[in-house]
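A.B. asks: The following block contains the structure, expressed as structure tokens.
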Amino acid sequence: MIAKQASRLTLFLLLAPAILWLGLLIVLPHVEILVLSFSERVAPRVYAFGFGNYLEFFTEPLYWRTFARTAFMSILVTALTLVLAFPIALYIARVAQGRLKAMLLLLCLLPFWVSELVRTLGWMILLRETGVISYALRSMGVAREPVELLYNDGAVILGLVYGGLLFMIVPLANALESLEPAVVEAGYDLGGSRWTVLRRIVIPHAMPGIVAGCIIVFMLTVGNFATPVLLGGKNGLWFTEQIYAQFITRFNWPQGAAFGMLLLLLSSAIVWLGLRLTGQSLGTTLKQA
Amino acid sequence: MNRPSITWKLYIAAFYLFLFAPLLVVAIFAFNASPFPSPPWRGFTLEWFTGSGAVFGKPGVLVDPIWLESIGNSFKVAIPVALLAVLLGTVNAWVLERAEFRGKTFVAMMMLWPLVIPGVVLGISILAFFSRVTNGLEDWLQTDLDFLRPGLPLVVLGQLSFILTIATLIIAARLRKFDRALEEAAFDLGASRARVLRTVTLPFLSPALIGAGLVALLMSFENFNTTLMLVGSEAPLPIAMYGQMREGASPAINAVSLLLMLGVGGIASVFALTSKAER
Amino acid sequence: MASSTDLDIVNVTKRFGSHAAVDDVSFSVAPGEFFSILGPSGCGKTTLMRMIAGFEHPTSGDIRIRGQSMIGVPANKRPVNMVFQSLALFPMMSVGENVAYGLTCRGVSRAEADERASRMLERVGLKGFGSRRVTALSGGQRQRVAIARCLVLEPTLVLLDEPLGALDLKLREHMKIELKQLQGTFNTTFAYITHDQSEALVMSDRIAVMNQGRFEQVGSPRELYHNPATPFVASFVGETNRLQGEAAAVSNGTIAVRLPSGAVVQGQGKGAAKALAFVRPEAVALAQDPASLSNLPNRFEGRVSAVLFDGAASSLLIDTTGFEQPVRAVLPQAGPLAGIQVGAPVHVGWTADAMKVFAA
Amino acid sequence: MASSTDLDIVNVTKRFGSHAAVDDVSFSVAPGEFFSILGPSGCGKTTLMRMIAGFEHPTSGDIRIRGQSMIGVPANKRPVNMVFQSLALFPMMSVGENVAYGLTCRGVSRAEADERASRMLERVGLKGFGSRRVTALSGGQRQRVAIARCLVLEPTLVLLDEPLGALDLKLREHMKIELKQLQGTFNTTFAYITHDQSEALVMSDRIAVMNQGRFEQVGSPRELYHNPATPFVASFVGETNRLQGEAAAVSNGTIAVRLPSGAVVQGQGKGAAKALAFVRPEAVALAQDPASLSNLPNRFEGRVSAVLFDGAASSLLIDTTGFEQPVRAVLPQAGPLAGIQVGAPVHVGWTADAMKVFAA
Amino acid sequence: AEKLRLLTWSGYAPADIVAQFTKETGIEVEVTTSNNEEMISKLRATQGAGFDLAQPSQDRIAGPQTEFGIYKPLDMSKIKSDQFIGSMLEATKKNTSVDSKVYGVPHIWGTDGLVVNTKAAPKVADYNDLCDPALAGKTSFRAKRPALIAFAFANGMDPFAAYGDAKAYAALMDKVGAKLAECKKNVKFFWEGNDQLLNAVRSGEIVAAMAWDTGGWKLNADNPDMKFIAPKSGALGWVDTFAIPAKGRNDDAAYKWINFNMRPEIAAKVAAAAGNFTASNGADKLMEGKLKDQFAESFPKAAIDNIRWYPAVPAGLEEIEGKVLDRLKAGS
Ligand SMILES: Nc1ncnc2c1ncn2[C@@H]1O[C@H](COP(=O)(O)OP(=O)(O)OP(=O)(O)O)[C@@H](O)[C@H]1O
Ligand SMILES: Nc1ncnc2c1ncn2[C@@H]1O[C@H](COP(=O)(O)OP(=O)(O)OP(=O)(O)O)[C@@H](O)[C@H]1O
Ligand SMILES: [Mg+2]
Ligand SMILES: [Mg+2]
């Protein structure tokens, strides 16, 4: 009896940090913004329960357009990242051996541990009108005028794809690595061409990795702030900017909270959809990463 | 069959060029003797590192209090985050891998959740929640609870909220590989529980503990989204950089970035070495 | 009784939920004995051993070591040590540190522990290996380190849980003999778990055959092999031919079993409406001429369906009239049948003594 | 010659760096033959097989299938199929899809491929398993799926790389026989790799014994067992007693080998200054009375040091005067020596024919 | 030591002035630089804690104060009123009053107008000229409320008159928004930081922009072709103030800092560092000639009269403006 109580106490003590962490830093804060998102300002310092903030989102084309744009571009970025990363992951996982493999992976990791801002700064220096690429084009005589490559959607997509690559490569490489070489060889041995083997064996096997990578990249992209702000032009607004704007420049927390909830819903919905469509589960998927 | 074609190899090469191009230009233009980080090359200078500000109107980053303070602030955040992440991550990993209780799958799922919350949302929710808590407590206790207001302590909490997940996963992965028979063997040979923990379990976990600590340190250092919403008067490095970048690019930012790259490179190589030792 | 046995298991039962992994098992092990528990995977061997070591607690029953009840005594206080299936050597320590670990836990000084560890390593044939990493050892060497780590503590009883499972065939053959010799040299009591009948038969003084949480039979290897008490023991221990039918007539100790085809075999034992009969391949006599088998109560005609040449262990499969499965017999190494080919007609026969009959 | 052999390996060598994994190997396999390559781990078996399948390219030499050179033909265009050690079933496909895979690669329509796959599954005894996941099969069933997946393509030659390695003992025994029967039914040529001599002996029509990249001997199982061509074959194939000494005198086909202790044994073969002599345990005759061995040229006195009781495979270790290692002999199952105990004095003997002598 | 946590604009607390203050009073000053929105949002997030003194613009005090209560009423008895230019002090007090309590006193003032590279864009004289197709891709303004107000005046509307009527104001803002949206294709980017704009103008990426006067004069000092021009429709005049956050912990130090800063010799130095003008009475006499000349060039007599001072923004209007600005930024 006493032993049982003691083990309960131990369990409770072990669980305490997790409960405090999840409760105070995750669950309650989200409850708070959920509550906040349903409060409407009726007069200075007087708030009442209402759906106004959500109504505002749906009636103001600006907001839902930004929302849709963010979602669409994030999906585009995720897809592009997947396409770009797959050959790299395949190379790292299945071709490179020993030292080379470790080095390629480490080289992939390095840029991503440096701040996102540094990477973005690099792109700004490369892309801007007075930047390196423009300068090189002019000095090679390809272009006569300075070329502005910054401040447009292309630059944003470039920056976001760049930022997502690692988080695609690592789960992909992990998934591909676990594919037994003999299974691939069996695929050839039974008469499969390169393409058949890729389509029927390699890709299905890598599916958990593909889903994991896509989820992570999508999450990072949709929730990104600095890259679209710094690389994006006057036309591009990212939904996180709307949240930031409501909180910081408009002081309208309830509206910002509603936007936050919507973003959370969006990302959860797309993640859920991705998992459903590919028949994977979140737990195993994230463990890939 | 797996022999790579030449196109594939070229693609790999192009990819790595693409990967490092931005970092290279950042590093190179930190030494350009020009007020803007852009071509043409105007000669080599260390002004942006150690200059007094006489030449370009702004002091070099190694003497500029703005940068020094922000680096200091980053450490003030990163070190507690790393220590807490390792400590609590170990306990959490234990719960995930060893404890048996009802609702464990639920707790495990919850632990993963922070990874799928956008950083900005995490930031605002913590900001809003702690604002309410502090207001409530202040009304009740009639004292200031400034440390729960936007500022470094809140940044620590905000970063911890998701870095802890990652630390937990890293440590749990190692713990999962641990053959429990090792503990039982030690116990069987007469060791007390504390001794088993000290001589067998922790030595086995140590590469993961170091790894998780370093990852937490790096993630804290580079985190921007969550920090942005929670920062008070003292800005950590990414926030200071963002502020400066909105003010317009200057090679001082390149210089800071280069320092950051060197630091990260150093930590990453320590990490690579420890994970190699693990094998 | 206090010291006439090293280990007494008294009506021990262990339930996981409603499933009884170990079901009312009792046995004793005498000092210096090599006692094996043999059973198929999942029959509860490990659970039983873990209860003796102190990692699981019996649902009911008592475990006594040298007469002392171990109920409530934690694993680190019991005078038994265990060699794990995975060996569980500490990878973060050197070979010497592994062996000295238990001693330092007991408070023996560092220097003395090292000294005793290196003497123990010498005795198991690993002199000078003390400072190696355990990962730099071969399978057989690790095996010996794991045993040295236990023996250095001079336990009353060493428990071994399928310690040869991870080794390859040739090494396993070799370690079987070596383990038995080690046990002889140290004269320590061994309780050994395995699912490999050959291991159990070769090494043990006594074997308990376990099935679904219960002991089917406890006895010497020869007893088990020649006089199995249950059909399970008969088919699990050693290669055998198994026939199913119904008991027909009983006369002075001999029982007749009618096979589905109508053929009748004579054996010894007890049969009910349904009966199982077993005969070992080496007990099956072969002849080209039926006359030479005339003194055998069981005589059948067949045709060789396969010659399984395997050196000394070669056998024949003989499609026999009236039998559903081919009869397996040892391939004669000499005599007129030595070169027998597939398709050759042959006569088979065996004594009633060689055939054990059980109620199914 | 075009169709009198299915496979010809002509002076094939494969180097990895400076190390020759396969060193100037030549052999032919006749249609319908079950050909095994037997050798210890790392001897180059897999490398050889991978060259036949097309996954490695020979450094020199030629590989011909039905007389057609395969040099430069990629793996997916060769009329051979391989059963991998790990089986390499496609875990992302159902059993039926696994079997149909090769057909669809050839452009056979989906419907027809499914139809043929299910017929093949029926033939290997897996009727109705088509829609199962491969993970939901037992080891033996997977085995059969892997083979069905090859056979459905009606290849000239099936390569099998230790396909039974992952199975447990009892299942392995069973699959040995089943594999041999399958090959008989389909009458396809099999080239089979193993390091388990018992597998090779039981199943093969011919066996090549490989060591360090070279073939030591190619022959039928009985040839290898009874007339090994090299000391390596003698000790690798089957259990044996191995003696080292120097060749002393030769007289009418018999060679005398003097052991270090001075004892002399008589055998057949060739010996140099250093000689190795081998005698199989089953060729060692035992007697309590030396007179009954008097007609044997090799007669020694000893004492039983261990009885390794293992049913039909039981043996004795006998510490024999003049021998460094105990002599291993088969434990008599009947007669006066059946119950012999450790420590009992015994006489051992064998014919000169039974002892093979080689230059070391 | 005692500490004053100051939330201010960059340039308003030069290192030497801080050092002098610390020497005189023994109080250390911790400076955080920011802008209007961030100042308010920080104080809003902390309910007015974290800082002892803030410097928002005078028009941005009453609204947020009504909404969030983030400031303390000033104790005018602790402020040496005679150090201020009287008219400016009175106007500021009026604009920053809520419930007849005063929340702000003036510190630095300046204007919004046009920064022009007169060589590259000689014709620019009013805000609407930024939308001239000839300058496509080479102009800029801030996507903040001054742009709305400025373009409203430039297009013949009076936004200040509509302050009282939210509906009318919204309609007016929609019109301005449409106008700006049209102009947007001309804009290279919406500038955020002063240096960012100045660098772009220096490098030639931008030739004309709506900007602060001080920036224009800084450029002018390097290159005489770059000028600050008071637009035809009128420059916009702003006043930055001193206000004490609701949970400020060191009001004494705050008042000391205010009084110290308004001393003419100090105010003159600060104004010179910031490149703007001060509300300190008598400081202008101590100021350098250069700034005066530049001011004179940019502001002929008529232009001075034409400066439009921001009145206090009633609570709620910023919502309307915010949405217009968001639409401007998001639309294409
Ligand atoms: N902790 C546990 N909780 C629930 N059931 C268990 C537990 N441990 C063992 N069992 C069950 O008890 C039975 C016996 O398991 P045990 O490990 O003792 O078998 P074993 O004979 O050692 O098998 P093997 O030869 O495969 O090691 C099995 O059915 C197993 O599933
Ligand atoms: N790709 C390779 N590169 C370098 N060496 C290799 C390679 N493949 C095999 N080897 C070497 O060639 C030798 C033969 O290897 P192989 O795999 O053919 O042995 P094997 O007989 O199949 O052994 P096993 O029974 O263990 O499977 C080994 O020494 C091995 O280390
Ligand atoms: Mg077990
Ligand atoms: Mg192999």
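Residues in the structure tokens are named by chain (A, B, ... in the order shown) and by number from 1 within that chain; ligands are numbered from 1 in the order shown.
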Output the neighbourhood of ligand 1 as a ChimeraX atom specification, that is, all protein and nucleic acid residues with some atom at most 7 Å from the ligand, counting only C-alpha atoms and all ligand atoms.
C.D. replies: /C:16,21,39-48,194-195
A.B. asks: Please, could you write that set of residues out with C-alpha atoms as a tab-separated table (two decimals), in the first residue's frame?
C.D. replies:
```tsv
chain	number	residue	atom	x	y	z
C	16	PHE	CA	-0.15	-10.41	-15.82
C	21	ALA	CA	2.65	-16.35	-17.23
C	39	GLY	CA	10.44	-24.40	-23.19
C	40	PRO	CA	9.14	-22.74	-26.30
C	41	SER	CA	9.08	-18.98	-26.72
C	42	GLY	CA	6.57	-17.24	-24.49
C	43	CYS	CA	6.08	-20.11	-22.07
C	44	GLY	CA	7.11	-18.03	-19.06
C	45	LYS	CA	10.79	-18.92	-18.60
C	46	THR	CA	12.04	-15.37	-18.40
C	47	THR	CA	9.24	-14.37	-16.07
C	48	LEU	CA	10.17	-17.18	-13.70
C	194	THR	CA	16.81	-21.99	-23.08
C	195	HIS	CA	14.42	-22.87	-25.83
```
A.B. asks: Could the residues that lie within 12 Å of ligand 2, counting only C-alpha atoms and all ligand atoms, be listed as a ChimeraX atom specification?
C.D. replies: /A:97 /C:168 /D:13-23,37-51,55-57,84-86,160-163,165,192-196,209-215
A.B. asks: What's around Ala287 of chain D at 10 Å? Count only C-alpha atoms, leave out sequence neighbours fewer than 4 positions away in its own chain, and write the answer as a list in words.
C.D. replies: Ala291, Ser292, Leu293, Glu301, Pro336, Leu337, Pro345, Val346, His347, Val348 and Gly349 of chain D
A.B. asks: Could you please take those selected residues and save C-alpha atoms as a short mmCIF file (atom, residue, chain, number, x, y, z; two decimals), in the first residue's frame?
C.D. replies:
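Just written: selection.cif:
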```
data_model
loop_
_atom_site.label_atom_id
_atom_site.label_comp_id
_atom_site.auth_asym_id
_atom_site.auth_seq_id
_atom_site.Cartn_x
_atom_site.Cartn_y
_atom_site.Cartn_z
CA ALA D 291 40.82 -57.02 -28.40
CA SER D 292 37.68 -56.16 -30.32
CA LEU D 293 39.53 -53.35 -32.05
CA GLU D 301 43.35 -45.87 -24.90
CA PRO D 336 27.45 -52.37 -23.42
CA LEU D 337 28.69 -48.77 -23.88
CA PRO D 345 38.13 -45.94 -19.42
CA VAL D 346 37.49 -46.73 -23.06
CA HIS D 347 39.40 -47.83 -26.14
CA VAL D 348 39.04 -46.02 -29.46
CA GLY D 349 40.01 -47.05 -32.96
#
```
A.B. asks: Using backbone DSSP assignments, extract all strand (DSSP E) residues from segment 161-269 of chain C; output them as a ChimeraX atom specification.
C.D. replies: /C:161,189-194,206-211,214-219,241-251,254-258,264-269
A.B. asks: Using only C-alpha atoms, I'd like every residue of chain E that has an atom within 10 Å of chain B; please write them out as number ranges by chain.
C.D. replies: E: 5-7, 30-34, 42-47, 49-51, 191-200, 203, 247, 249
A.B. asks: Residues of chain A near chain B: apply a cut-off of 6 Å, count only C-alpha atoms, and supply the list as an mmCIF file with N, CA, C and O atoms, in the first residue's frame.
C.D. replies:
```cif
data_model
loop_
_atom_site.group_PDB
_atom_site.id
_atom_site.type_symbol
_atom_site.label_atom_id
_atom_site.label_comp_id
_atom_site.auth_asym_id
_atom_site.auth_seq_id
_atom_site.Cartn_x
_atom_site.Cartn_y
_atom_site.Cartn_z
ATOM 1 N N LEU A 25 2.268 27.077 -20.228
ATOM 2 C CA LEU A 25 2.858 27.703 -21.413
ATOM 3 C C LEU A 25 2.123 27.350 -22.695
ATOM 4 O O LEU A 25 2.303 28.004 -23.710
ATOM 5 N N PRO A 29 -2.509 29.522 -22.132
ATOM 6 C CA PRO A 29 -2.369 30.643 -23.070
ATOM 7 C C PRO A 29 -3.290 30.516 -24.273
ATOM 8 O O PRO A 29 -3.843 31.513 -24.734
ATOM 9 N N HIS A 30 -3.481 29.285 -24.756
ATOM 10 C CA HIS A 30 -4.368 29.152 -25.902
ATOM 11 C C HIS A 30 -5.825 29.349 -25.510
ATOM 12 O O HIS A 30 -6.610 29.902 -26.267
ATOM 13 N N GLU A 32 -6.643 31.349 -23.246
ATOM 14 C CA GLU A 32 -6.713 32.801 -23.089
ATOM 15 C C GLU A 32 -6.961 33.488 -24.439
ATOM 16 O O GLU A 32 -7.843 34.343 -24.550
ATOM 17 N N ILE A 33 -6.227 33.105 -25.476
ATOM 18 C CA ILE A 33 -6.491 33.817 -26.723
ATOM 19 C C ILE A 33 -7.820 33.388 -27.330
ATOM 20 O O ILE A 33 -8.458 34.172 -28.019
ATOM 21 N N VAL A 114 22.281 29.122 -38.174
ATOM 22 C CA VAL A 114 22.507 30.562 -38.138
ATOM 23 C C VAL A 114 21.146 31.222 -38.239
ATOM 24 O O VAL A 114 20.234 30.692 -38.848
ATOM 25 N N SER A 115 21.016 32.376 -37.631
ATOM 26 C CA SER A 115 19.702 32.994 -37.556
ATOM 27 C C SER A 115 19.073 33.173 -38.927
ATOM 28 O O SER A 115 19.732 33.456 -39.925
ATOM 29 N N VAL A 118 20.012 36.299 -40.625
ATOM 30 C CA VAL A 118 21.280 36.344 -41.352
ATOM 31 C C VAL A 118 21.075 35.825 -42.764
ATOM 32 O O VAL A 118 21.536 36.413 -43.741
ATOM 33 N N ARG A 119 20.344 34.715 -42.856
ATOM 34 C CA ARG A 119 20.107 34.134 -44.174
ATOM 35 C C ARG A 119 19.322 35.116 -45.037
ATOM 36 O O ARG A 119 19.616 35.319 -46.216
ATOM 37 N N GLY A 122 21.439 37.799 -46.286
ATOM 38 C CA GLY A 122 22.228 37.326 -47.422
ATOM 39 C C GLY A 122 21.441 37.442 -48.717
ATOM 40 O O GLY A 122 21.944 37.946 -49.720
ATOM 41 N N TRP A 123 20.215 36.999 -48.682
ATOM 42 C CA TRP A 123 19.395 37.091 -49.897
ATOM 43 C C TRP A 123 19.159 38.528 -50.297
ATOM 44 O O TRP A 123 19.134 38.858 -51.478
ATOM 45 N N GLY A 131 22.382 45.128 -55.576
ATOM 46 C CA GLY A 131 22.987 43.945 -54.975
ATOM 47 C C GLY A 131 23.921 43.193 -55.897
ATOM 48 O O GLY A 131 24.243 43.630 -57.000
ATOM 49 N N GLY A 223 3.917 30.048 -40.528
ATOM 50 C CA GLY A 223 4.144 30.835 -39.316
ATOM 51 C C GLY A 223 5.326 31.770 -39.431
ATOM 52 O O GLY A 223 5.698 32.425 -38.455
ATOM 53 N N GLY A 260 -4.948 34.814 -34.620
ATOM 54 C CA GLY A 260 -4.071 33.742 -34.137
ATOM 55 C C GLY A 260 -4.806 32.414 -34.123
ATOM 56 O O GLY A 260 -4.295 31.390 -34.588
#
```
A.B. asks: Mind the document's chain letters and residue numbers, and return as JSON, numbers by chain the residues of segment 271-348 of chain D that DSSP labels helix (DSSP H, G or I).
C.D. replies: {"D": [281, 282, 283, 290, 291, 292, 293]}
A.B. asks: Select residues of chain C: the criterion is any atom within 12 Å of an atom of chain B, counting only C-alpha atoms; output as a PyMOL selection string.
C.D. replies: chain C and resi 50-56+73-93+97-108+135+146-155+158-161
